[in-house]
$ cat final_30.cif   # mmCIF, C-alpha atoms
data_my_file
loop_
_atom_site.label_atom_id
_atom_site.label_comp_id
_atom_site.auth_asym_id
_atom_site.auth_seq_id
_atom_site.Cartn_x
_atom_site.Cartn_y
_atom_site.Cartn_z
CA MET A 1 45.07 -17.81 2.98
CA ARG A 2 45.75 -17.02 6.62
CA ASN A 3 46.21 -13.40 5.78
CA LEU A 4 42.91 -13.40 3.98
CA LEU A 5 41.15 -14.97 6.96
CA ASN A 6 42.76 -12.47 9.29
CA PHE A 7 41.66 -9.67 7.04
CA LEU A 8 38.09 -10.97 6.95
CA LEU A 9 38.04 -11.36 10.74
CA LYS A 10 39.41 -7.90 11.28
CA TYR A 11 36.98 -6.16 9.01
CA ASN A 12 34.01 -8.50 9.30
CA ASN A 13 31.65 -5.75 10.47
CA LEU A 14 32.65 -3.40 7.68
CA ILE A 15 32.20 -6.20 5.15
CA LEU A 16 28.78 -7.13 6.54
CA PHE A 17 27.80 -3.45 6.45
CA LEU A 18 28.92 -3.07 2.85
CA ILE A 19 27.10 -6.23 1.77
CA LEU A 20 23.81 -5.26 3.43
CA GLU A 21 24.07 -1.65 2.28
CA SER A 22 24.64 -2.70 -1.31
CA ILE A 23 21.58 -4.96 -1.08
CA ALA A 24 19.52 -2.03 0.18
CA ILE A 25 20.83 0.42 -2.41
CA SER A 26 20.32 -2.04 -5.24
CA LEU A 27 16.75 -2.60 -4.07
CA LEU A 28 16.34 1.15 -4.11
CA VAL A 29 17.81 1.93 -7.53
CA THR A 30 16.69 -1.10 -9.52
CA ARG A 31 13.14 -0.69 -8.38
CA ASN A 32 10.88 -0.09 -11.29
CA GLU A 33 7.42 1.29 -10.83
CA TYR A 34 6.18 -2.23 -10.30
CA HIS A 35 7.90 -2.95 -7.04
CA ASN A 36 4.97 -1.28 -5.43
CA THR A 37 2.68 -3.88 -6.92
CA ARG A 38 4.64 -6.72 -5.41
CA VAL A 39 4.48 -4.96 -2.08
CA VAL A 40 0.77 -4.45 -2.48
CA LYS A 41 0.30 -8.15 -3.10
CA SER A 42 2.36 -9.40 -0.20
CA VAL A 43 1.65 -6.83 2.46
CA MET A 44 -1.89 -5.80 1.67
CA GLY A 45 -2.99 -9.17 3.00
CA ILE A 46 -1.58 -8.33 6.41
CA SER A 47 -2.37 -4.67 6.67
CA ARG A 48 -5.62 -4.61 4.72
CA GLY A 49 -7.89 -4.77 7.76
CA MET A 50 -6.03 -1.99 9.49
CA GLN A 51 -5.86 0.10 6.34
CA GLU A 52 -9.57 -0.23 5.69
CA LYS A 53 -10.51 0.80 9.23
CA ILE A 54 -8.45 3.97 9.02
CA ASN A 55 -9.94 4.57 5.61
CA ASN A 56 -13.53 4.12 6.79
CA GLY A 57 -12.98 6.66 9.54
CA ARG A 58 -11.55 9.14 7.10
CA ALA A 59 -14.41 8.61 4.64
CA TYR A 60 -16.93 9.26 7.41
CA LEU A 61 -15.28 12.56 8.30
CA HIS A 62 -15.48 13.75 4.71
CA LEU A 63 -19.08 12.76 4.02
CA ARG A 64 -20.31 16.32 3.74
CA GLU A 65 -17.79 17.28 1.06
CA LEU A 66 -18.41 14.01 -0.76
CA ASN A 67 -22.13 14.68 -0.81
CA TYR A 68 -21.56 18.13 -2.15
CA GLY A 69 -19.26 16.81 -4.88
CA LEU A 70 -21.73 14.12 -5.89
CA ALA A 71 -24.62 16.55 -5.94
CA SER A 72 -22.78 18.97 -8.20
CA GLU A 73 -21.70 16.13 -10.46
CA ASN A 74 -25.31 14.96 -10.65
CA ALA A 75 -26.39 18.42 -11.64
CA ARG A 76 -23.77 18.54 -14.35
CA LEU A 77 -24.77 15.15 -15.72
CA ARG A 78 -28.47 16.04 -15.68
CA GLU A 79 -27.67 19.16 -17.61
CA SER A 80 -25.75 17.26 -20.29
CA LEU A 81 -28.57 14.72 -20.45
CA ARG A 82 -31.00 17.51 -21.21
CA LYS A 83 -28.81 18.50 -24.12
CA PHE A 84 -29.25 15.05 -25.62
CA GLU A 85 -32.97 15.02 -24.95
CA ALA A 86 -33.31 18.30 -26.77
CA LYS A 87 -31.65 16.84 -29.82
CA LYS A 88 -34.01 13.89 -30.07
CA PRO A 89 -36.88 15.16 -32.21
CA GLN A 90 -34.74 16.00 -35.20
CA GLY A 91 -35.96 13.20 -37.39
CA PHE A 92 -32.91 10.99 -37.08
CA SER A 93 -33.34 7.48 -35.84
CA GLN A 94 -31.33 6.64 -32.81
CA VAL A 95 -28.67 3.98 -33.14
CA ASN A 96 -28.22 2.12 -29.92
CA ASP A 97 -24.60 1.24 -30.54
CA THR A 98 -22.49 2.22 -27.59
CA VAL A 99 -19.21 0.80 -28.89
CA PHE A 100 -19.24 2.60 -32.23
CA ARG A 101 -17.30 5.76 -31.45
CA GLN A 102 -16.70 5.29 -27.80
CA GLN A 103 -13.08 5.90 -27.00
CA TYR A 104 -12.86 6.05 -23.23
CA ARG A 105 -14.28 3.77 -20.59
CA TYR A 106 -14.70 4.86 -16.97
CA THR A 107 -14.54 2.66 -13.88
CA PRO A 108 -15.21 4.11 -10.45
CA ALA A 109 -12.75 3.16 -7.71
CA GLU A 110 -11.98 3.98 -4.12
CA VAL A 111 -8.61 5.16 -2.81
CA VAL A 112 -7.58 2.83 0.01
CA ASN A 113 -4.10 4.18 0.68
CA ASN A 114 -2.64 7.56 -0.10
CA SER A 115 0.15 9.91 0.92
CA VAL A 116 0.98 13.53 0.19
CA ASN A 117 4.02 14.11 2.40
CA LYS A 118 6.70 12.16 0.56
CA GLN A 119 8.65 13.22 -2.51
CA LYS A 120 7.42 10.19 -4.45
CA ASN A 121 3.79 9.68 -3.61
CA TYR A 122 1.69 6.77 -4.80
CA PHE A 123 -1.89 5.83 -4.02
CA THR A 124 -3.62 2.46 -3.96
CA LEU A 125 -7.02 1.76 -5.52
CA ASP A 126 -9.44 -1.05 -4.72
CA LYS A 127 -9.85 -2.20 -8.35
CA GLY A 128 -7.42 -4.50 -10.12
CA ARG A 129 -6.82 -6.72 -13.09
CA LEU A 130 -10.01 -8.74 -12.48
CA GLN A 131 -12.06 -5.54 -12.79
CA GLY A 132 -10.39 -4.68 -16.08
CA VAL A 133 -7.82 -2.20 -14.82
CA GLY A 134 -4.48 -2.18 -16.59
CA VAL A 135 -1.15 -0.41 -16.44
CA ASP A 136 -0.98 3.10 -18.00
CA MET A 137 -4.63 3.93 -17.45
CA GLY A 138 -5.37 7.43 -16.21
CA VAL A 139 -6.97 8.22 -12.88
CA THR A 140 -9.21 11.23 -12.38
CA SER A 141 -10.93 12.69 -9.38
CA GLY A 142 -14.13 14.51 -10.21
CA ASN A 143 -13.19 16.09 -13.50
CA SER A 144 -9.50 16.65 -12.90
CA ILE A 145 -6.45 14.44 -13.19
CA ALA A 146 -5.05 12.56 -10.20
CA GLY A 147 -2.49 10.04 -11.48
CA VAL A 148 -1.62 7.11 -13.71
CA ILE A 149 -1.84 3.39 -12.89
CA VAL A 150 1.64 1.86 -12.69
CA GLY A 151 0.89 -1.63 -11.44
CA CYS A 152 -1.99 -4.01 -10.80
CA SER A 153 -2.57 -7.09 -8.76
CA ASP A 154 -5.78 -9.10 -9.07
CA ASN A 155 -7.92 -6.83 -6.92
CA TYR A 156 -5.77 -3.78 -6.26
CA SER A 157 -3.79 -1.34 -8.30
CA VAL A 158 -1.17 1.28 -7.50
CA ALA A 159 -1.12 4.64 -9.24
CA ILE A 160 1.66 7.20 -9.40
CA SER A 161 0.24 10.43 -8.04
CA VAL A 162 0.65 13.85 -9.66
CA LEU A 163 2.45 14.58 -6.39
CA ASN A 164 5.49 12.55 -7.40
CA ILE A 165 8.69 14.23 -8.54
CA ASP A 166 8.96 11.64 -11.33
CA PHE A 167 5.48 12.39 -12.73
CA ARG A 168 5.22 14.29 -16.03
CA VAL A 169 2.13 15.15 -18.00
CA SER A 170 1.68 17.14 -21.16
CA ALA A 171 -0.52 20.16 -20.39
CA ARG A 172 -1.77 23.21 -22.23
CA ILE A 173 -3.38 26.54 -21.56
CA ARG A 174 -7.05 26.36 -22.46
CA SER A 175 -7.37 29.92 -23.71
CA ASN A 176 -4.57 29.87 -26.32
CA GLY A 177 -3.57 26.24 -26.76
CA TYR A 178 0.15 26.55 -25.97
CA PHE A 179 1.39 23.36 -24.37
CA GLY A 180 4.21 22.41 -22.05
CA SER A 181 5.19 19.83 -19.50
CA LEU A 182 3.69 19.79 -16.03
CA SER A 183 5.45 18.29 -13.02
CA TRP A 184 5.41 18.56 -9.25
CA SER A 185 8.12 20.56 -7.54
CA GLY A 186 7.93 18.54 -4.33
CA ARG A 187 7.06 21.53 -2.19
CA ASN A 188 3.37 21.94 -1.60
CA HIS A 189 0.66 19.38 -2.27
CA ARG A 190 -1.59 22.07 -3.77
CA PHE A 191 0.78 23.35 -6.48
CA ALA A 192 2.59 22.01 -9.55
CA VAL A 193 4.85 23.68 -12.10
CA LEU A 194 4.24 24.10 -15.83
CA ASN A 195 7.36 24.53 -17.95
CA GLU A 196 8.25 25.11 -21.60
CA ILE A 197 5.72 27.88 -22.27
CA PRO A 198 7.56 30.58 -24.26
CA GLN A 199 7.57 34.10 -22.86
CA ASN A 200 5.86 35.70 -25.84
CA VAL A 201 2.60 33.97 -24.92
CA SER A 202 0.14 36.05 -22.99
CA ILE A 203 -1.01 34.35 -19.82
CA SER A 204 -2.94 35.73 -16.93
CA ILE A 205 -3.46 34.47 -13.43
CA GLY A 206 -6.51 32.22 -13.20
CA ASP A 207 -6.13 30.70 -16.68
CA THR A 208 -7.20 27.08 -16.87
CA ILE A 209 -4.60 24.39 -17.52
CA GLU A 210 -5.88 21.18 -19.13
CA THR A 211 -4.56 17.92 -20.59
CA THR A 212 -3.56 17.69 -24.25
CA GLY A 213 -4.38 14.10 -25.20
CA PHE A 214 -0.90 13.58 -26.70
CA SER A 215 -0.16 10.64 -24.46
CA ALA A 216 -3.25 8.44 -25.03
CA ILE A 217 -3.58 8.14 -21.25
CA PHE A 218 -5.85 11.07 -20.54
CA PRO A 219 -8.57 12.34 -22.86
CA GLU A 220 -8.13 15.82 -24.21
CA GLY A 221 -9.37 18.77 -22.20
CA LEU A 222 -9.38 17.32 -18.70
CA MET A 223 -8.90 19.92 -16.00
CA ILE A 224 -5.50 20.04 -14.27
CA GLY A 225 -5.65 23.33 -12.42
CA THR A 226 -5.43 27.10 -12.70
CA VAL A 227 -2.48 29.44 -13.02
CA SER A 228 -1.69 30.94 -9.63
CA ALA A 229 1.68 32.62 -10.23
CA LEU A 230 3.96 33.51 -13.14
CA ARG A 231 7.68 34.03 -13.14
CA LYS A 232 9.99 34.97 -15.97
CA SER A 233 13.10 32.91 -15.47
CA GLY A 234 16.44 33.57 -17.13
CA SER A 235 15.62 31.36 -20.09
CA ASP A 236 13.03 32.01 -22.78
CA PHE A 237 10.36 30.19 -20.85
CA TYR A 238 7.92 31.06 -18.13
CA ARG A 239 7.90 29.20 -14.87
CA ILE A 240 4.20 28.88 -14.17
CA THR A 241 2.88 27.76 -10.81
CA VAL A 242 -0.37 25.86 -11.19
CA GLU A 243 -2.84 25.35 -8.40
CA LEU A 244 -4.05 21.78 -8.79
CA ALA A 245 -7.78 21.24 -9.10
CA THR A 246 -7.51 17.96 -7.20
CA ASP A 247 -6.96 18.22 -3.47
CA PHE A 248 -4.91 15.11 -2.78
CA LYS A 249 -5.50 15.31 0.93
CA LYS A 250 -9.22 14.74 0.41
CA ILE A 251 -9.13 12.40 -2.57
CA HIS A 252 -11.35 9.38 -1.95
CA TYR A 253 -13.53 8.36 -4.92
CA VAL A 254 -11.83 8.38 -8.31
CA ASP A 255 -12.48 7.20 -11.86
CA ILE A 256 -10.09 5.03 -13.83
CA ILE A 257 -10.03 5.88 -17.54
CA GLY A 258 -9.29 3.17 -20.06
CA ASN A 259 -8.57 4.17 -23.65
CA LEU A 260 -10.23 1.64 -25.96
CA LYS A 261 -8.27 2.79 -28.99
CA LYS A 262 -4.90 2.94 -27.32
CA GLN A 263 -3.54 -0.22 -28.87
CA GLU A 264 -4.56 0.83 -32.33
CA ARG A 265 -2.92 4.18 -31.83
CA SER A 266 0.34 2.85 -30.44
CA GLU A 267 0.56 0.34 -33.29
CA ILE A 268 0.26 3.00 -35.96
CA GLU A 269 2.68 5.27 -34.09
CA LYS A 270 5.22 2.47 -33.81
CA GLN A 271 5.39 2.12 -37.58
CA PHE A 272 6.85 5.60 -37.95
CA ARG A 273 9.34 5.50 -35.15
CA MET B 1 19.28 -12.35 29.61
CA ILE B 2 16.15 -14.07 28.27
CA ASN B 3 14.12 -11.53 30.18
CA SER B 4 15.81 -8.58 28.51
CA ILE B 5 15.41 -10.18 25.08
CA ILE B 6 11.66 -10.51 25.63
CA ARG B 7 11.44 -6.96 26.93
CA TYR B 8 13.39 -5.63 23.98
CA SER B 9 11.16 -7.52 21.52
CA LEU B 10 8.08 -5.93 23.07
CA ILE B 11 9.57 -2.44 22.81
CA PHE B 12 10.64 -3.22 19.24
CA ILE B 13 7.11 -4.26 18.20
CA ALA B 14 5.59 -1.29 20.01
CA LEU B 15 7.91 1.15 18.22
CA ILE B 16 7.23 -0.39 14.80
CA LEU B 17 3.46 -0.29 15.37
CA LEU B 18 3.67 3.29 16.65
CA GLN B 19 5.55 4.28 13.50
CA LEU B 20 3.21 2.50 11.08
CA LEU B 21 -0.11 3.28 12.70
CA LEU B 22 0.50 6.75 14.06
CA PHE B 23 3.52 8.56 12.69
CA ASN B 24 3.17 7.40 9.08
CA ASN B 25 -0.36 8.82 9.14
CA ILE B 26 0.65 12.25 10.39
CA GLN B 27 0.78 14.21 7.18
CA VAL B 28 1.22 17.73 8.42
CA SER B 29 3.33 18.80 5.48
CA GLY B 30 6.16 17.45 3.39
CA TYR B 31 8.60 19.06 5.79
CA ILE B 32 7.68 17.21 8.98
CA ASN B 33 7.87 13.43 8.73
CA PRO B 34 8.98 12.00 12.08
CA TYR B 35 10.59 8.55 12.09
CA VAL B 36 10.72 7.38 15.70
CA TYR B 37 11.29 3.68 14.96
CA ILE B 38 15.03 4.45 14.90
CA MET B 39 14.78 4.36 18.71
CA ALA B 40 14.77 0.55 18.41
CA ILE B 41 18.40 0.81 17.28
CA LEU B 42 19.28 3.51 19.82
CA ILE B 43 18.43 1.51 22.92
CA LEU B 44 20.22 -1.75 22.03
CA PRO B 45 22.85 -2.61 24.71
CA ALA B 46 26.32 -1.23 24.10
CA THR B 47 27.95 -4.63 24.58
CA LEU B 48 25.98 -6.34 21.81
CA PRO B 49 28.24 -7.61 18.98
CA GLN B 50 28.31 -5.24 16.05
CA TRP B 51 27.25 -7.81 13.44
CA LEU B 52 24.04 -8.46 15.35
CA ILE B 53 23.31 -4.73 15.51
CA LEU B 54 23.83 -4.45 11.76
CA ILE B 55 21.43 -7.31 11.08
CA ILE B 56 18.80 -5.93 13.47
CA SER B 57 19.13 -2.48 11.85
CA PHE B 58 18.70 -3.86 8.38
CA LEU B 59 15.64 -5.91 9.35
CA THR B 60 14.03 -2.98 11.16
CA GLY B 61 14.43 -0.79 8.12
CA PHE B 62 13.22 -3.56 5.85
CA ILE B 63 10.00 -4.05 7.86
CA ILE B 64 9.25 -0.33 7.71
CA ASP B 65 10.02 -0.37 3.97
CA LEU B 66 7.63 -3.24 3.32
CA PHE B 67 4.75 -1.45 4.97
CA SER B 68 5.36 1.98 3.50
CA GLY B 69 6.12 0.82 -0.05
CA SER B 70 9.63 2.25 -0.33
CA LEU B 71 11.83 -0.79 -0.73
CA GLY B 72 15.48 -0.23 0.25
CA MET B 73 15.17 3.34 1.51
CA HIS B 74 14.66 2.78 5.23
CA SER B 75 16.86 -0.33 5.12
CA ALA B 76 19.83 1.66 3.83
CA ALA B 77 19.35 4.57 6.24
CA THR B 78 18.78 2.44 9.34
CA LEU B 79 21.73 0.22 8.48
CA LEU B 80 23.93 3.30 8.28
CA ALA B 81 22.66 4.41 11.70
CA GLY B 82 23.50 0.96 13.10
CA PHE B 83 26.95 1.13 11.51
CA VAL B 84 27.94 4.50 12.97
CA ARG B 85 26.47 3.67 16.41
CA PRO B 86 29.66 2.21 18.00
CA TYR B 87 31.74 5.17 16.79
CA VAL B 88 29.25 7.61 18.29
CA LEU B 89 29.24 5.58 21.51
CA THR B 90 33.04 5.73 21.87
CA LEU B 91 32.97 9.42 21.00
CA ILE B 92 30.61 10.35 23.81
CA SER B 93 31.25 7.52 26.29
CA PRO B 94 30.38 8.40 29.91
CA ARG B 95 33.17 8.47 32.50
CA ASP B 96 32.38 5.06 33.97
CA GLY B 97 31.97 3.34 30.60
CA TYR B 98 28.94 1.33 29.59
CA GLU B 99 27.18 -1.24 31.74
CA GLN B 100 27.08 -4.87 30.70
CA ASP B 101 23.86 -6.04 29.03
CA SER B 102 21.74 -3.03 30.00
CA ASP B 103 19.96 -1.08 27.28
CA LEU B 104 21.13 2.44 26.54
CA SER B 105 18.39 4.36 28.29
CA MET B 106 17.88 7.77 29.78
CA GLY B 107 17.35 6.28 33.24
CA ILE B 108 20.89 4.92 33.46
CA TYR B 109 23.04 7.44 31.61
CA GLY B 110 21.15 10.66 32.19
CA VAL B 111 18.92 12.89 30.10
CA ARG B 112 21.72 15.06 28.74
CA TRP B 113 23.81 12.14 27.54
CA PHE B 114 20.81 10.45 25.95
CA PHE B 115 19.78 13.66 24.19
CA ILE B 116 23.22 14.11 22.60
CA TYR B 117 23.42 10.44 21.64
CA ALA B 118 19.90 10.33 20.15
CA SER B 119 20.40 13.61 18.26
CA ILE B 120 23.57 12.45 16.52
CA ILE B 121 22.11 9.11 15.41
CA VAL B 122 18.72 10.56 14.40
CA VAL B 123 20.31 13.31 12.30
CA ILE B 124 22.58 10.81 10.52
CA HIS B 125 19.61 8.52 9.88
CA HIS B 126 17.38 11.32 8.60
CA LEU B 127 20.13 12.76 6.39
CA ALA B 128 20.58 9.41 4.67
CA LEU B 129 16.83 8.80 4.49
CA PHE B 130 15.72 12.11 2.97
CA TYR B 131 18.55 12.34 0.46
CA LEU B 132 17.91 8.74 -0.61
CA GLU B 133 14.24 9.59 -1.00
CA VAL B 134 14.77 12.42 -3.48
CA PHE B 135 17.88 10.74 -4.93
CA ARG B 136 19.15 13.91 -6.57
CA LEU B 137 21.01 16.99 -5.47
CA THR B 138 18.75 19.64 -6.95
CA ASP B 139 16.87 21.39 -4.17
CA PHE B 140 19.74 20.48 -1.83
CA PHE B 141 18.86 23.08 0.78
CA ARG B 142 15.16 22.33 0.78
CA THR B 143 15.92 18.69 1.51
CA MET B 144 18.26 19.89 4.26
CA LEU B 145 15.41 21.89 5.77
CA ARG B 146 13.22 18.80 5.71
CA VAL B 147 15.99 16.84 7.45
CA ILE B 148 16.37 19.47 10.17
CA LEU B 149 12.65 19.93 10.87
CA SER B 150 11.86 16.21 10.80
CA SER B 151 14.88 15.40 13.00
CA ALA B 152 13.76 17.97 15.57
CA VAL B 153 10.28 16.42 15.74
CA SER B 154 11.65 12.86 15.82
CA ILE B 155 14.09 13.71 18.63
CA THR B 156 11.28 15.35 20.61
CA PHE B 157 9.12 12.23 20.38
CA ILE B 158 12.07 9.94 21.17
CA MET B 159 12.85 12.00 24.28
CA LEU B 160 9.20 11.79 25.34
CA ILE B 161 9.18 8.01 24.94
CA GLY B 162 12.49 7.90 26.81
CA TYR B 163 10.99 9.91 29.70
CA TYR B 164 8.00 7.59 29.79
CA ARG B 165 10.25 4.51 30.02
CA LYS B 166 12.34 6.17 32.71
CA GLY B 167 9.25 6.96 34.78
CA ARG B 168 7.91 3.46 34.41
CA ARG B 169 11.20 1.88 35.41
CA ARG B 170 11.38 3.97 38.58
CA ALA B 171 7.81 3.04 39.48
CA GLY B 172 8.65 -0.60 38.76
CA SER B 173 11.75 -0.65 41.02
CA ARG B 174 9.80 0.90 43.87
CA ALA B 175 7.07 -1.67 43.66
#
$ encode --input "final_30.cif" --output "structure tokens"
Amino acid sequence: MRNLLNFLLKYNNLILFLILESIAISLLVTRNEYHNTRVVKSVMGISRGMQEKINNGRAYLHLRELNYGLASENARLRESLRKFEAKKPQGFSQVNDTVFRQQYRYTPAEVVNNSVNKQKNYFTLDKGRLQGVGVDMGVTSGNSIAGVIVGCSDNYSVAISVLNIDFRVSARIRSNGYFGSLSWSGRNHRFAVLNEIPQNVSISIGDTIETTGFSAIFPEGLMIGTVSALRKSGSDFYRITVELATDFKKIHYVDIIGNLKKQERSEIEKQFR
Amino acid sequence: MINSIIRYSLIFIALILLQLLLFNNIQVSGYINPYVYIMAILILPATLPQWLILIISFLTGFIIDLFSGSLGMHSAATLLAGFVRPYVLTLISPRDGYEQDSDLSMGIYGVRWFFIYASIIVVIHHLALFYLEVFRLTDFFRTMLRVILSSAVSITFIMLIGYYRKGRRRAGSRA
């Protein structure tokens, strides 16, 4: 007993260090994606005012680009509206049922916290569970992908950014339909890497990369980026560098995409697994 | 004694706020992420008991973690910095030893000594921090580059803050 006490006294600092370090490491490794949500809940209350001020300043500085983006989006929407108007006088009666075949629902949201300089970047949105946002919904900026919601509190949600070394999304080349897996290399916030495209496929620089719709998170055909460089690695696959269509340094207004048929789909898929 | 505790608390709060409001918002590139809050551990008096230093280190890291949404990362790295601190101090102790109850500042021990001391601790802290962040050994050398560049920037800012404190102290003693 005395020996034990002596031992503890002699090495008390080392023991304290080991205890605290194991607490820290266990916090680090057992963290699931949701730890961010808890943090959002507890800390947002304190730092919200500060955060919003910084955010307002940043929004003001980017007004010109925002205006431009909104104007071009307006133009695009007006154009697609005209398409529908043109179809009207075909003799069919219009059914005013919006739920019938609708698969995706869009909610606009504002980014209130964001980073691009870490290896695991997340961003925070100002919509939460009360506004109908749920885990595993996609987030898009303009018409290109930005991330996936990983946790929600009542009024806020946290999304994993494409700029996170743990992020994976199934992506394909628009021109020929070959698909692979897209991830971020952790180097530059403008570029991601597309893997698993076999070398017999013909690809050229500037080809569009889009989502596949395999995951039920993003609808099919959403823009991801364009091919900016190709490299033949030792294996049978290309290593394709993709310039992301979303500039995460400027991201401010985003849309959250909810898939209305996701539950149905996952239920049927579960039966065969 | 009470006086120095109050003064230290003020510096501590100032450093944390500086880190959260200013340095966390500098997003030059992924390669340069300065973490100057580690200075709060650097300047603690040499005669403080080690267990207290460990607890202060852990709490400092934990506060930074809470506000930057990276639970455990800064805690682990800062705790390691607090743990190696006494060994570094004995390794590079000045000829006359350390003064009782005075913080480890540039004004007392000289610019050169402070630079060496700060560099060693900052590099250890950043090494732990950046490798814990990626948590894998692929891209080993790229992470190393991030450690080196970020450490250089952090040390520069810590030296600047150190100079500022030195200047202020001299002005204060004259007054």
$ axis_aligned_box --input "final_30.cif" --around "stretch 169-182 of chain A" --padding-each-side "3 Å" --output "JSON"
{"center_x": -1.1, "center_y": 22.5, "center_z": -21.4, "size_x": 18.6, "size_y": 20.8, "size_z": 16.7}
$ resolve_selection --input "final_30.cif" --expression "the PyMOL selection byres ((chain B) within 6 of (chain A))" --output "PyMOL selection string"
chain B and resi 27+29-30+51+69+71-72+75-76
$ atom_distance --input "final_30.cif" --atom1 "atom CA of A:Leu244" --atom2 "atom CA of A:Met223"
8.9 Å
$ atom_distance --input "final_30.cif" --atom1 "atom CA of B:Ile148" --atom2 "atom CA of B:Ala118"
14.0 Å
$ residues_around --input "final_30.cif" --residues "B:Thr60" --least-positions-apart "6" --cutoff "10 Å" --atoms "all atoms listed in the file" --output "PyMOL selection string"
chain B and resi 12-13+16+37-38+40-41+54+74-75+78-79
$ closest_residue --input "final_30.cif" --among "B:Leu89, B:Leu149, B:Ala14, B:Met159" --to "B:Arg112" --atoms "all atoms listed in the file"
B:Met159
$ resolve_selection --input "final_30.cif" --expression "the PyMOL selection byres ((chain A and resi 182) around 7)" --output "count of residues only"
11
$ residues_near_point --input "final_30.cif" --point "(-5.1, 10.3, -4.5)" --cutoff "7 Å" --atoms "all atoms listed in the file" --output "list in words"
Val111, Asn114, Phe123, Ala146, Ser161, Phe248, Ile251 and His252 of chain A
$ closest_residue --input "final_30.cif" --among "B:Leu129, B:Ile64, B:Leu91, B:Leu10" --to "B:Arg146" --atoms "all atoms listed in the file"
B:Leu129
$ closest_residue --input "final_30.cif" --among "B:Leu20, B:Ile5, B:Leu48, B:Val36" --to "B:Ser150" --atoms "all atoms listed in the file"
B:Val36
$ resolve_selection --input "final_30.cif" --expression "the PyMOL selection byres ((chain B and resi 93) around 12)" --output "count of residues only"
21
$ atom_distance --input "final_30.cif" --atom1 "atom CA of B:Asn25" --atom2 "atom CA of B:Ser105"
27.2 Å
